[in-house]
Each structure stands twice: as structure tokens, then as C-alpha cells.
$ cat final05.cif   # mmCIF, C-alpha atoms; chains and numbers go by the auth columns
data_structure
loop_
_atom_site.group_PDB
_atom_site.id
_atom_site.type_symbol
_atom_site.label_atom_id
_atom_site.label_comp_id
_atom_site.label_asym_id
_atom_site.label_seq_id
_atom_site.Cartn_x
_atom_site.Cartn_y
_atom_site.Cartn_z
_atom_site.B_iso_or_equiv
_atom_site.auth_seq_id
_atom_site.auth_asym_id
ATOM 1 C CA MET A 1 51.728 25.241 -22.158 0.00 156 D
ATOM 2 C CA ARG A 2 51.902 22.941 -25.100 0.00 157 D
ATOM 3 C CA ALA A 3 49.194 22.679 -27.740 0.00 158 D
ATOM 4 C CA GLY A 4 46.330 20.320 -26.839 0.00 159 D
ATOM 5 C CA HIS A 5 46.713 20.823 -23.102 0.00 160 D
ATOM 6 C CA VAL A 6 44.110 22.609 -21.046 0.00 161 D
ATOM 7 C CA GLY A 7 45.758 22.954 -17.707 0.00 162 D
ATOM 8 C CA CYS A 8 48.096 21.512 -15.183 0.00 163 D
ATOM 9 C CA GLN A 9 47.121 19.194 -12.344 0.00 164 D
ATOM 10 C CA VAL A 10 49.277 18.291 -9.423 0.00 165 D
ATOM 11 C CA GLY A 11 49.379 14.549 -9.063 0.00 166 D
ATOM 12 C CA ARG A 12 49.419 12.846 -5.722 0.00 167 D
ATOM 13 C CA PHE A 13 52.929 11.577 -6.291 0.00 168 D
ATOM 14 C CA GLY A 14 55.469 12.869 -8.710 0.00 169 D
ATOM 15 C CA PRO A 15 55.563 15.851 -11.015 0.00 170 D
ATOM 16 C CA PRO A 16 52.499 17.823 -12.092 0.00 171 D
ATOM 17 C CA ARG A 17 50.367 16.094 -14.702 0.00 172 D
ATOM 18 C CA LEU A 18 48.888 17.922 -17.679 0.00 173 D
ATOM 19 C CA THR A 19 45.159 17.406 -18.297 0.00 174 D
ATOM 20 C CA THR A 20 44.030 17.163 -21.886 0.00 175 D
ATOM 21 C CA SER A 21 40.607 18.101 -23.154 0.00 176 D
ATOM 22 C CA VAL A 22 40.060 14.430 -24.032 0.00 177 D
ATOM 23 C CA GLU A 23 40.580 13.393 -20.423 0.00 178 D
ATOM 24 C CA ARG A 24 38.205 16.092 -19.234 0.00 179 D
ATOM 25 C CA HIS A 25 35.465 14.942 -21.639 0.00 180 D
ATOM 26 C CA MET A 26 35.860 11.364 -20.477 0.00 181 D
ATOM 27 C CA ARG A 27 34.298 12.455 -17.172 0.00 182 D
ATOM 28 C CA VAL A 28 30.969 13.122 -18.933 0.00 183 D
ATOM 29 C CA PRO A 29 30.087 9.392 -19.401 0.00 184 D
ATOM 30 C CA LYS A 30 30.846 8.820 -15.700 0.00 185 D
ATOM 31 C CA ILE A 31 28.443 11.610 -14.744 0.00 186 D
ATOM 32 C CA ILE A 32 25.753 10.253 -17.076 0.00 187 D
ATOM 33 C CA THR A 33 26.253 6.752 -15.670 0.00 188 D
ATOM 34 C CA ALA A 34 25.917 8.088 -12.117 0.00 189 D
ATOM 35 C CA LEU A 35 22.725 9.987 -13.013 0.00 190 D
ATOM 36 C CA ILE A 36 21.242 6.888 -14.645 0.00 191 D
ATOM 37 C CA ALA A 37 22.127 4.823 -11.559 0.00 192 D
ATOM 38 C CA CYS A 38 20.457 7.398 -9.300 0.00 193 D
ATOM 39 C CA ALA A 39 17.330 7.497 -11.470 0.00 194 D
ATOM 40 C CA LEU A 40 17.144 3.692 -11.513 0.00 195 D
ATOM 41 C CA THR A 41 17.493 3.596 -7.728 0.00 196 D
ATOM 42 C CA VAL A 42 14.654 6.095 -7.290 0.00 197 D
ATOM 43 C CA PHE A 43 12.459 4.133 -9.734 0.00 198 D
ATOM 44 C CA LEU A 44 13.094 0.840 -7.927 0.00 199 D
ATOM 45 C CA LEU A 45 12.390 2.471 -4.564 0.00 200 D
ATOM 46 C CA LEU A 46 9.061 3.830 -5.829 0.00 201 D
ATOM 47 C CA LEU A 47 8.185 0.432 -7.316 0.00 202 D
ATOM 48 C CA TYR A 48 9.008 -1.256 -4.015 0.00 203 D
ATOM 49 C CA CYS A 49 6.823 1.235 -2.127 0.00 204 D
ATOM 50 C CA GLN A 50 3.938 0.634 -4.529 0.00 205 D
ATOM 51 C CA LEU A 51 4.185 -3.152 -4.268 0.00 206 D
ATOM 52 C CA THR A 52 4.378 -3.139 -0.471 0.00 207 D
ATOM 53 C CA ARG A 53 1.358 -0.897 0.082 0.00 208 D
ATOM 54 C CA LYS A 54 -1.192 -2.350 2.487 0.00 209 D
ATOM 55 C CA TYR A 55 -3.871 -2.153 -0.220 0.00 210 D
ATOM 56 C CA VAL A 56 -1.826 -4.185 -2.704 0.00 211 D
ATOM 57 C CA ARG A 57 -0.768 -6.725 -0.085 0.00 212 D
ATOM 58 C CA PHE A 58 -4.376 -7.289 1.029 0.00 213 D
ATOM 59 C CA GLU A 59 -5.650 -7.396 -2.553 0.00 214 D
ATOM 60 C CA ASN A 60 -3.092 -10.070 -3.520 0.00 215 D
ATOM 61 C CA LYS A 61 -3.937 -12.429 -0.671 0.00 216 D
ATOM 62 C CA SER A 62 -5.522 -15.756 -1.603 0.00 217 D
ATOM 63 C CA ALA A 63 -9.236 -16.350 -2.082 0.00 218 D
ATOM 64 C CA LYS A 64 -9.145 -18.530 1.044 0.00 219 D
ATOM 65 C CA TYR A 65 -7.695 -15.624 3.046 0.00 220 D
ATOM 66 C CA HIS A 66 -10.489 -13.326 1.809 0.00 221 D
ATOM 67 C CA ALA A 67 -13.098 -15.976 2.692 0.00 222 D
ATOM 68 C CA ASP A 68 -11.535 -16.381 6.166 0.00 223 D
ATOM 69 C CA PHE A 69 -11.547 -12.595 6.639 0.00 224 D
ATOM 70 C CA ALA A 70 -15.232 -12.465 5.652 0.00 225 D
ATOM 71 C CA ALA A 71 -15.974 -15.250 8.157 0.00 226 D
ATOM 72 C CA ALA A 72 -14.128 -13.269 10.832 0.00 227 D
ATOM 73 C CA CYS A 73 -16.310 -10.254 10.034 0.00 228 D
ATOM 74 C CA ASP A 74 -19.397 -12.453 10.430 0.00 229 D
ATOM 75 C CA SER A 75 -18.124 -13.539 13.836 0.00 230 D
ATOM 76 C CA ILE A 76 -17.690 -9.873 14.804 0.00 231 D
ATOM 77 C CA LEU A 77 -21.321 -9.185 13.816 0.00 232 D
ATOM 78 C CA ALA A 78 -22.447 -12.138 15.941 0.00 233 D
ATOM 79 C CA ARG A 79 -20.260 -11.239 18.936 0.00 234 D
ATOM 80 C CA TYR A 80 -21.141 -7.558 19.266 0.00 235 D
ATOM 81 C CA PRO A 81 -24.910 -6.953 19.315 0.00 236 D
ATOM 82 C CA LEU A 82 -25.923 -3.429 18.387 0.00 237 D
ATOM 83 C CA GLY A 83 -28.894 -3.158 20.666 0.00 238 D
ATOM 84 C CA THR A 84 -30.582 0.153 19.849 0.00 239 D
ATOM 85 C CA ASN A 85 -27.471 1.703 18.289 0.00 240 D
ATOM 86 C CA GLU A 86 -27.323 2.523 14.586 0.00 241 D
ATOM 87 C CA PHE A 87 -23.684 1.452 14.576 0.00 242 D
ATOM 88 C CA LEU A 88 -21.064 0.536 17.133 0.00 243 D
ATOM 89 C CA GLU A 89 -17.336 1.326 17.255 0.00 244 D
ATOM 90 C CA ILE A 90 -15.249 -1.510 18.642 0.00 245 D
ATOM 91 C CA SER A 91 -11.898 -1.070 20.351 0.00 246 D
ATOM 92 C CA THR A 92 -9.083 -2.234 18.109 0.00 247 D
ATOM 93 C CA THR A 93 -7.341 -3.712 21.156 0.00 248 D
ATOM 94 C CA ASP A 94 -10.313 -5.919 22.089 0.00 249 D
ATOM 95 C CA ALA A 95 -8.970 -9.426 22.683 0.00 250 D
ATOM 96 C CA GLY A 96 -12.246 -10.841 21.329 0.00 251 D
ATOM 97 C CA LEU A 97 -11.464 -9.695 17.798 0.00 252 D
ATOM 98 C CA PRO A 98 -10.515 -12.518 15.450 0.00 253 D
ATOM 99 C CA GLU A 99 -6.770 -12.879 14.949 0.00 254 D
ATOM 100 C CA ILE A 100 -6.994 -12.303 11.197 0.00 255 D
ATOM 101 C CA VAL A 101 -8.453 -8.844 11.905 0.00 256 D
ATOM 102 C CA ARG A 102 -6.005 -8.035 14.726 0.00 257 D
ATOM 103 C CA ASP A 103 -3.081 -8.958 12.442 0.00 258 D
ATOM 104 C CA LEU A 104 -3.929 -5.975 10.219 0.00 259 D
ATOM 105 C CA HIS A 105 -3.391 -3.605 13.176 0.00 260 D
ATOM 106 C CA PRO A 106 -6.531 -1.588 12.395 0.00 261 D
ATOM 107 C CA GLU A 107 -6.956 2.023 13.472 0.00 262 D
ATOM 108 C CA ARG A 108 -10.771 1.824 13.791 0.00 263 D
ATOM 109 C CA ILE A 109 -13.525 -0.789 13.516 0.00 264 D
ATOM 110 C CA LYS A 110 -17.226 -0.009 13.164 0.00 265 D
ATOM 111 C CA ILE A 111 -20.174 -2.351 12.759 0.00 266 D
ATOM 112 C CA ALA A 112 -23.845 -2.012 11.856 0.00 267 D
ATOM 113 C CA THR A 113 -26.524 -4.603 11.193 0.00 268 D
ATOM 114 C CA ASN A 114 -25.388 -5.067 7.597 0.00 269 D
ATOM 115 C CA TRP A 115 -21.684 -4.150 7.524 0.00 270 D
ATOM 116 C CA VAL A 116 -18.304 -4.322 9.220 0.00 271 D
ATOM 117 C CA TRP A 117 -15.916 -1.452 8.443 0.00 272 D
ATOM 118 C CA VAL A 118 -12.201 -1.837 9.237 0.00 273 D
ATOM 119 C CA LEU A 119 -9.895 1.143 8.765 0.00 274 D
ATOM 120 C CA VAL A 120 -6.358 -0.184 8.540 0.00 275 D
ATOM 121 C CA ASP A 121 -4.613 2.998 7.473 0.00 276 D
ATOM 122 C CA GLY A 122 -6.217 6.340 6.684 0.00 277 D
ATOM 123 C CA SER A 123 -3.178 7.880 5.010 0.00 278 D
ATOM 124 C CA HIS A 124 -3.298 9.061 1.410 0.00 279 D
ATOM 125 C CA THR A 125 -0.142 7.178 0.507 0.00 280 D
ATOM 126 C CA ASP A 126 -0.864 3.795 2.074 0.00 281 D
ATOM 127 C CA GLY A 127 -4.555 3.855 2.919 0.00 282 D
ATOM 128 C CA LEU A 128 -6.666 0.732 3.301 0.00 283 D
ATOM 129 C CA VAL A 129 -10.241 0.221 4.380 0.00 284 D
ATOM 130 C CA VAL A 130 -11.891 -3.200 4.351 0.00 285 D
ATOM 131 C CA VAL A 131 -15.689 -3.469 4.315 0.00 286 D
ATOM 132 C CA TRP A 132 -17.858 -6.572 4.657 0.00 287 D
ATOM 133 C CA GLU A 133 -21.386 -5.599 3.648 0.00 288 D
ATOM 134 C CA THR A 134 -24.566 -6.620 1.905 0.00 289 D
ATOM 135 C CA GLN A 135 -24.555 -6.052 -1.816 0.00 290 D
ATOM 136 C CA TRP A 136 -26.588 -3.285 -3.416 0.00 291 D
ATOM 137 C CA GLY A 137 -29.229 -4.411 -5.891 0.00 292 D
ATOM 138 C CA PRO A 138 -29.737 -2.838 -9.314 0.00 293 D
ATOM 139 C CA ASP A 139 -32.676 -0.778 -8.025 0.00 294 D
ATOM 140 C CA GLY A 140 -30.605 0.684 -5.163 0.00 295 D
ATOM 141 C CA THR A 141 -31.929 -1.627 -2.479 0.00 296 D
ATOM 142 C CA LYS A 142 -29.715 -4.011 -0.586 0.00 297 D
ATOM 143 C CA LEU A 143 -29.825 -7.722 -1.272 0.00 298 D
ATOM 144 C CA THR A 144 -29.743 -9.307 2.158 0.00 299 D
ATOM 145 C CA ASN A 145 -28.332 -12.688 1.110 0.00 300 D
ATOM 146 C CA VAL A 146 -25.386 -11.513 -1.063 0.00 301 D
ATOM 147 C CA TRP A 147 -22.368 -10.102 0.782 0.00 302 D
ATOM 148 C CA ASN A 148 -19.179 -8.488 -0.534 0.00 303 D
ATOM 149 C CA LEU A 149 -15.733 -8.132 0.958 0.00 304 D
ATOM 150 C CA GLU A 150 -14.486 -4.868 -0.519 0.00 305 D
ATOM 151 C CA ILE A 151 -11.310 -2.863 -0.156 0.00 306 D
ATOM 152 C CA GLY A 152 -10.655 0.782 -0.803 0.00 307 D
ATOM 153 C CA ASP A 153 -7.707 3.121 -0.508 0.00 308 D
ATOM 154 C CA GLY A 154 -9.607 6.342 0.052 0.00 309 D
ATOM 155 C CA GLU A 155 -8.732 7.602 -3.416 0.00 310 D
ATOM 156 C CA ASP A 156 -10.042 5.321 -6.171 0.00 311 D
ATOM 157 C CA GLY A 157 -13.315 3.890 -4.901 0.00 312 D
ATOM 158 C CA SER A 158 -13.679 0.288 -3.815 0.00 313 D
ATOM 159 C CA LYS A 159 -13.081 -3.144 -5.273 0.00 314 D
ATOM 160 C CA ALA A 160 -14.908 -6.368 -4.417 0.00 315 D
ATOM 161 C CA LEU A 161 -12.523 -9.210 -3.585 0.00 316 D
ATOM 162 C CA TYR A 162 -14.929 -11.831 -2.329 0.00 317 D
ATOM 163 C CA VAL A 163 -18.669 -12.315 -2.852 0.00 318 D
ATOM 164 C CA THR A 164 -20.856 -14.963 -1.246 0.00 319 D
ATOM 165 C CA ASN A 165 -24.432 -15.801 -0.302 0.00 320 D
ATOM 166 C CA ARG A 166 -25.095 -15.704 3.389 0.00 321 D
#
$ encode --input "final05.cif" --output "C-alpha cells"
Amino acid sequence: MRAGHVGCQVGRFGPPRLTTSVERHMRVPKIITALIACALTVFLLLLYCQLTRKYVRFENKSAKYHADFAAACDSILARYPLGTNEFLEISTTDAGLPEIVRDLHPERIKIATNWVWVLVDGSHTDGLVVVWETQWGPDGTKLTNVWNLEIGDGEDGSKALYVTNR
């Protein structure tokens, strides 16, 4: 072998080609570029998953949507009397549910005299629960005329999206 040559490679056509150390080191930037591309792809995939979570999608709906959802919850309270029950679980396939609620494809729906609880997804990665309930007062009692539409993901507590007097 001549000086400066590392080895001999057989080319696809023609005589064997000698590989220099310079050519071999030129592969390193290609490997780094491929690793960066893979890391960027993983990052973008995680970002996409975060932005398409049910919690984020519901949270970013318009104020009108949240008001309409609250009104739908009020109609559920009016439609399903509790009788002597403390709370009532409603079938998620009930045709009497408002369309805005059915569109979320809930797993469970429960109601009481002062709340509607809608479990959309109970998973830890994409969880969403929506609650329409009376607001707690500063002394720990409920204020019967102020209602909140709140969302939670099962991990970080809840967040009020819409508040109104009823």
C-alpha cells in the first residue's frame, strides 16, 4: 500500500479503489447530520402530540364554544332529574345528550344537583375531564349563583375556562 492510504475497496465497476483517511472522516458529518435529523423528527413528533392532546384542544376552543358547552351541561341537569339519588351516571350513548357533549366521545358522564362531570379520556397521556359546577366561596361554601366550566387532565389540577352567574 502507498502512504496515506488506509485500505482497498472494491468499486462496483472497474478496478479496486483505495480509501484514504480523509474520505473515511468525511462520513462523520453525514452521521452527525443523520442524528440531528432523527432528533429533530422526534422533537417535532412530541410537539405535535402535545399540541393535539384533548386537553389542549378543548382549552383552546373559543369563549363561545365554552359558553355553549356550559349551556349544554345546564340542559343535561334539567333533562335528567336526580330524584332521591346523590348523583346519577348517564349513558354516553344516550341520544338525548346535547351534540356538543356527544362530539367529545366521553367515556363517562355523572351529574349531581350542582355539577356535571364529563370524563373524556382517563389516560395519563391524553386525559381530559370537564366539570360544570358551582363555584366555591372563600369560606369553603358553595356560591349557588356562580358556575365554572373547568377542565383537568388528571395530573395538574383543574383550570376554569368559563365563569358565569346562573
$ closest_residue --input "final05.cif" --among "D:Ala225, D:Ile231, D:Ser313, D:Arg212" --to "Ala250 (chain D)" --atoms "all atoms listed in the file"
D:Ile231
$ atom_distance --input "final05.cif" --atom1 "CA of Gly292 (chain D)" --atom2 "CA of Ala315 (chain D)"
14.5 Å
$ closest_residue --input "final05.cif" --among "D:Asp276, D:Glu262, D:Asp249, D:Asp229" --to "Trp302 (chain D)" --atoms "only C-alpha atoms"
D:Asp229
$ closest_residue --input "final05.cif" --among "D:Ile245, D:Val197, D:Val286, D:Leu259" --to "Phe213 (chain D)" --atoms "only C-alpha atoms"
D:Leu259
$ atom_distance --input "final05.cif" --atom1 "CA of Ser217 (chain D)" --atom2 "CA of Ile306 (chain D)"
14.2 Å
$ atom_distance --input "final05.cif" --atom1 "CA of Lys219 (chain D)" --atom2 "CA of Asn320 (chain D)"
15.6 Å
$ resolve_selection --input "final05.cif" --expression "the PyMOL selection byres ((chain D and resi 237) around 12)" --output "list in words"
Ile231, Leu232, Ala233, Arg234, Tyr235, Pro236, Gly238, Thr239, Asn240, Glu241, Phe242, Leu243, Glu244, Ile245, Lys265, Ile266, Ala267, Thr268, Asn269, Trp270 and Val271 of chain D
$ resolve_selection --input "final05.cif" --expression "the PyMOL selection byres ((chain D and resi 254) around 12)" --output "list in words"
Asp223, Phe224, Ala226, Ala227, Cys228, Ser230, Ile231, Thr247, Thr248, Asp249, Ala250, Gly251, Leu252, Pro253, Ile255, Val256, Arg257, Asp258, Leu259, His260 and Pro261 of chain D
$ closest_residue --input "final05.cif" --among "D:Val285, D:Leu199, D:Ala189, D:Leu274" --to "Asn303 (chain D)" --atoms "only C-alpha atoms"
D:Val285
$ closest_atom_pairs --input "final05.cif" --of "region 179-291 of chain D" --to "region 298-301 of chain D" --cutoff "7 Å" --atoms "only C-alpha atoms" --output "CSV"
residue,atom,partner,partner_atom,distance
D:Thr289,CA,D:Val301,CA,5.8
D:Gln290,CA,D:Leu298,CA,5.6
D:Trp291,CA,D:Leu298,CA,5.9
$ closest_residue --input "final05.cif" --among "D:Ala218, D:Tyr210, D:Cys193, D:Arg321" --to "Gly307 (chain D)" --atoms "all atoms listed in the file"
D:Tyr210
$ build_atoms --input "final05.cif" --residues "region 256-273 of chain D" --atoms "N, CA and C atoms" --output "PDB file, in the frame of the given file"
ATOM      1  N   VAL D 256      -8.168 -10.281  11.884  1.00  0.00           N
ATOM      2  CA  VAL D 256      -8.453  -8.844  11.905  1.00  0.00           C
ATOM      3  C   VAL D 256      -7.383  -8.120  12.722  1.00  0.00           C
ATOM      4  N   ARG D 257      -7.045  -8.663  13.882  1.00  0.00           N
ATOM      5  CA  ARG D 257      -6.005  -8.035  14.726  1.00  0.00           C
ATOM      6  C   ARG D 257      -4.665  -7.946  14.002  1.00  0.00           C
ATOM      7  N   ASP D 258      -4.361  -8.940  13.167  1.00  0.00           N
ATOM      8  CA  ASP D 258      -3.081  -8.958  12.442  1.00  0.00           C
ATOM      9  C   ASP D 258      -2.914  -7.776  11.488  1.00  0.00           C
ATOM     10  N   LEU D 259      -4.015  -7.156  11.092  1.00  0.00           N
ATOM     11  CA  LEU D 259      -3.929  -5.975  10.219  1.00  0.00           C
ATOM     12  C   LEU D 259      -3.580  -4.706  10.995  1.00  0.00           C
ATOM     13  N   HIS D 260      -3.643  -4.769  12.306  1.00  0.00           N
ATOM     14  CA  HIS D 260      -3.391  -3.605  13.176  1.00  0.00           C
ATOM     15  C   HIS D 260      -4.289  -2.427  12.773  1.00  0.00           C
ATOM     16  N   PRO D 261      -5.612  -2.643  12.835  1.00  0.00           N
ATOM     17  CA  PRO D 261      -6.531  -1.588  12.395  1.00  0.00           C
ATOM     18  C   PRO D 261      -6.502  -0.368  13.306  1.00  0.00           C
ATOM     19  N   GLU D 262      -6.841   0.769  12.708  1.00  0.00           N
ATOM     20  CA  GLU D 262      -6.956   2.023  13.472  1.00  0.00           C
ATOM     21  C   GLU D 262      -8.348   2.160  14.076  1.00  0.00           C
ATOM     22  N   ARG D 263      -9.379   1.726  13.323  1.00  0.00           N
ATOM     23  CA  ARG D 263     -10.771   1.824  13.791  1.00  0.00           C
ATOM     24  C   ARG D 263     -11.574   0.663  13.219  1.00  0.00           C
ATOM     25  N   ILE D 264     -12.595   0.243  13.974  1.00  0.00           N
ATOM     26  CA  ILE D 264     -13.525  -0.789  13.516  1.00  0.00           C
ATOM     27  C   ILE D 264     -14.925  -0.337  13.904  1.00  0.00           C
ATOM     28  N   LYS D 265     -15.821  -0.339  12.907  1.00  0.00           N
ATOM     29  CA  LYS D 265     -17.226  -0.009  13.164  1.00  0.00           C
ATOM     30  C   LYS D 265     -18.090  -1.124  12.591  1.00  0.00           C
ATOM     31  N   ILE D 266     -19.229  -1.354  13.260  1.00  0.00           N
ATOM     32  CA  ILE D 266     -20.174  -2.351  12.759  1.00  0.00           C
ATOM     33  C   ILE D 266     -21.583  -1.768  12.772  1.00  0.00           C
ATOM     34  N   ALA D 267     -22.409  -2.297  11.892  1.00  0.00           N
ATOM     35  CA  ALA D 267     -23.845  -2.012  11.856  1.00  0.00           C
ATOM     36  C   ALA D 267     -24.527  -3.348  11.597  1.00  0.00           C
ATOM     37  N   THR D 268     -25.819  -3.328  11.401  1.00  0.00           N
ATOM     38  CA  THR D 268     -26.524  -4.603  11.193  1.00  0.00           C
ATOM     39  C   THR D 268     -26.114  -5.271   9.883  1.00  0.00           C
ATOM     40  N   ASN D 269     -25.683  -4.481   8.910  1.00  0.00           N
ATOM     41  CA  ASN D 269     -25.388  -5.067   7.597  1.00  0.00           C
ATOM     42  C   ASN D 269     -23.988  -4.722   7.083  1.00  0.00           C
ATOM     43  N   TRP D 270     -23.062  -4.372   7.966  1.00  0.00           N
ATOM     44  CA  TRP D 270     -21.684  -4.150   7.524  1.00  0.00           C
ATOM     45  C   TRP D 270     -20.697  -4.152   8.680  1.00  0.00           C
ATOM     46  N   VAL D 271     -19.460  -4.471   8.329  1.00  0.00           N
ATOM     47  CA  VAL D 271     -18.304  -4.322   9.220  1.00  0.00           C
ATOM     48  C   VAL D 271     -17.313  -3.469   8.446  1.00  0.00           C
ATOM     49  N   TRP D 272     -16.839  -2.408   9.074  1.00  0.00           N
ATOM     50  CA  TRP D 272     -15.916  -1.452   8.443  1.00  0.00           C
ATOM     51  C   TRP D 272     -14.629  -1.455   9.244  1.00  0.00           C
ATOM     52  N   VAL D 273     -13.500  -1.758   8.573  1.00  0.00           N
ATOM     53  CA  VAL D 273     -12.201  -1.837   9.237  1.00  0.00           C
ATOM     54  C   VAL D 273     -11.256  -0.851   8.550  1.00  0.00           C
TER      55      VAL D 273
END
